[in-house]
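J.: Please see the structure below; I have some questions.
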Amino acid sequence: MRDGKTPPSVTAISLTAALREALLLFCGQEGIKVCHNWLAQVLLYDPRLYPLLLQFDRDLADEVHAARCPRCGGRLDCADYPRKPRGGPKDLGEEYNERLSFCCALEGCRRRTTPESVRFLGRKVYLGAMVVLVSAMLQGPTPPRAAQLRELFGVSARTLVRWRAWWQTAFAESPFWKMARGRLRTPADVALLPLSLLEQFAPKEGHERLVLALRFLSPMTTASAPGGQAF
Ligand SMILES: [Zn+2]
């Protein structure tokens, strides 16, 4: 642990009741009248979400750091990537300008190892939470129009079309998805990705959908992970 206190298992669980409620509504299990403006504020702009995801990324990085270099067993030094993520609250904090990564300290190896991430979806400029939730909103019980999404999240209609195509093709055909979909409880409808993925994670299990979905997706955010590939 970098801060020496929070075990990884704790970080995934503490999303708010409001967030859980929003996800239930959004997935159509308890009524379909969703005010998307309210949803946007509660869900993507909840100030508690992003520190939580950051903590999760730090825990993932700590595990990688402790395991040392996968090639030579050497010590790993910090070699974070600069990032400029879009989406989410304005004051995300400086930590969000970096994707955590390491480089082997041993001269002659220097291999880069990048931990999985629940914050960054590969090289996409928008935060992973945005790409998952905003894409899924298009498939909800009362999908907002592209113009509304643009107003709420600043995501253009063209970007939405690109994200949609990405889920249906690049993601659906990726080695990661082909390997990982077998771990889901029920087969996920590819045509309804990523909503069909979110629906796999039931809040009743004591965890929360969005964080679990991001955790599920995290191996594909780095070429360093088994089955992973940097998008
Ligand atoms: Zn090494």
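Every chain in the structure tokens takes a letter, A first, then B, and so on in the order presented; its residues are numbered from 1, and the ligands are numbered from 1 following the presented order.
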Please, which residues have at least one atom within 10 Å of an atom of ligand 1, using only C-alpha atoms and all ligand atoms, listed as a list in words?
T.: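 Listed by chain and ascending number, the contacts are Arg68, Cys69, Pro70, Arg71, Cys72, Gly73, Gly74, Arg75, Leu76, Cys103, Cys104, Ala105, Leu106, Glu107, Gly108, Cys109, Arg110, Arg111, Arg112 and Thr113 of chain A.
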J.: Identify, on the basis of only C-alpha atoms, every residue whose closest approach to region 144-159 of chain A does not exceed 7 Å; exclude the query and any residue fewer than 3 positions from it along the same chain; express the result as a PDB file with N, CA and C atoms, in the first residue's frame.
T.:
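Below is the file out-v3.pdb, written as the result:
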```
ATOM      1  N   ASN A  37     -30.039  14.599 -16.140  1.00  0.00           N
ATOM      2  CA  ASN A  37     -29.249  15.664 -15.545  1.00  0.00           C
ATOM      3  C   ASN A  37     -28.832  15.270 -14.130  1.00  0.00           C
ATOM      4  N   GLY A  87     -13.562  14.614 -19.332  1.00  0.00           N
ATOM      5  CA  GLY A  87     -14.719  14.082 -18.635  1.00  0.00           C
ATOM      6  C   GLY A  87     -14.488  14.108 -17.142  1.00  0.00           C
ATOM      7  N   LEU A 138     -26.914   5.216 -23.785  1.00  0.00           N
ATOM      8  CA  LEU A 138     -27.558   5.176 -25.100  1.00  0.00           C
ATOM      9  C   LEU A 138     -28.444   3.942 -25.244  1.00  0.00           C
ATOM     10  N   ARG A 162     -18.364   6.894 -32.434  1.00  0.00           N
ATOM     11  CA  ARG A 162     -17.080   6.181 -32.368  1.00  0.00           C
ATOM     12  C   ARG A 162     -17.031   5.207 -31.200  1.00  0.00           C
ATOM     13  N   TRP A 163     -17.517   5.659 -30.040  1.00  0.00           N
ATOM     14  CA  TRP A 163     -17.513   4.781 -28.865  1.00  0.00           C
ATOM     15  C   TRP A 163     -18.382   3.554 -29.121  1.00  0.00           C
TER      16      TRP A 163
END
```
J.: Record the distance separating CA of Arg185 (chain A) and CA of Trp166 (chain A), expressed in Å with one decimal.
T.: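 We find that CA of Arg185 (chain A) and CA of Trp166 (chain A) lie 23.2 Å from each other.
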J.: Could you please determine the separation between CA of Val131 (chain A) and CA of Leu184 (chain A) in Å, to one decimal place?
T.: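 Between CA of Val131 (chain A) and CA of Leu184 (chain A) the gap works out to 20.2 Å.
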J.: Which is closer to Lys178 (chain A) than all the others in A:Met220, A:Glu95, A:Ser196, A:Phe120, using only C-alpha atoms?
T.: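 Among the listed residues, A:Met220 lies closest to Lys178 (chain A).
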J.: From a DSSP calculation on the backbone, collect every residue of region 14-195 of chain A in strand (DSSP E or B) and output the set as a count of residues only.
T.: 16
J.: Tell me, in Å to one decimal, how far CA of Pro115 (chain A) is from CA of Val64 (chain A).
T.: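 These two atoms are separated by 6.3 Å.
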J.: With distances taken over only C-alpha atoms, which of A:Val161, A:Val190, A:Ala180, A:Val134 is nearest to Leu217 (chain A)?
T.: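 Using only C-alpha atoms, the shortest distance to Leu217 (chain A) belongs to A:Ala180.
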J.: Looking only at alpha helix (DSSP H) from DSSP on the backbone, list the matching residues of region 101-197 of chain A as a ChimeraX atom specification.
T.: /A:128-137,146-153,157-165,175-180,195-197
J.: Which of these residues is nearest to Asn97 (chain A), using only C-alpha atoms: A:Thr222, A:Leu54, A:Gln139, A:Pro194?
T.: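 Using only C-alpha atoms, Asn97 (chain A) sits closest to A:Leu54.
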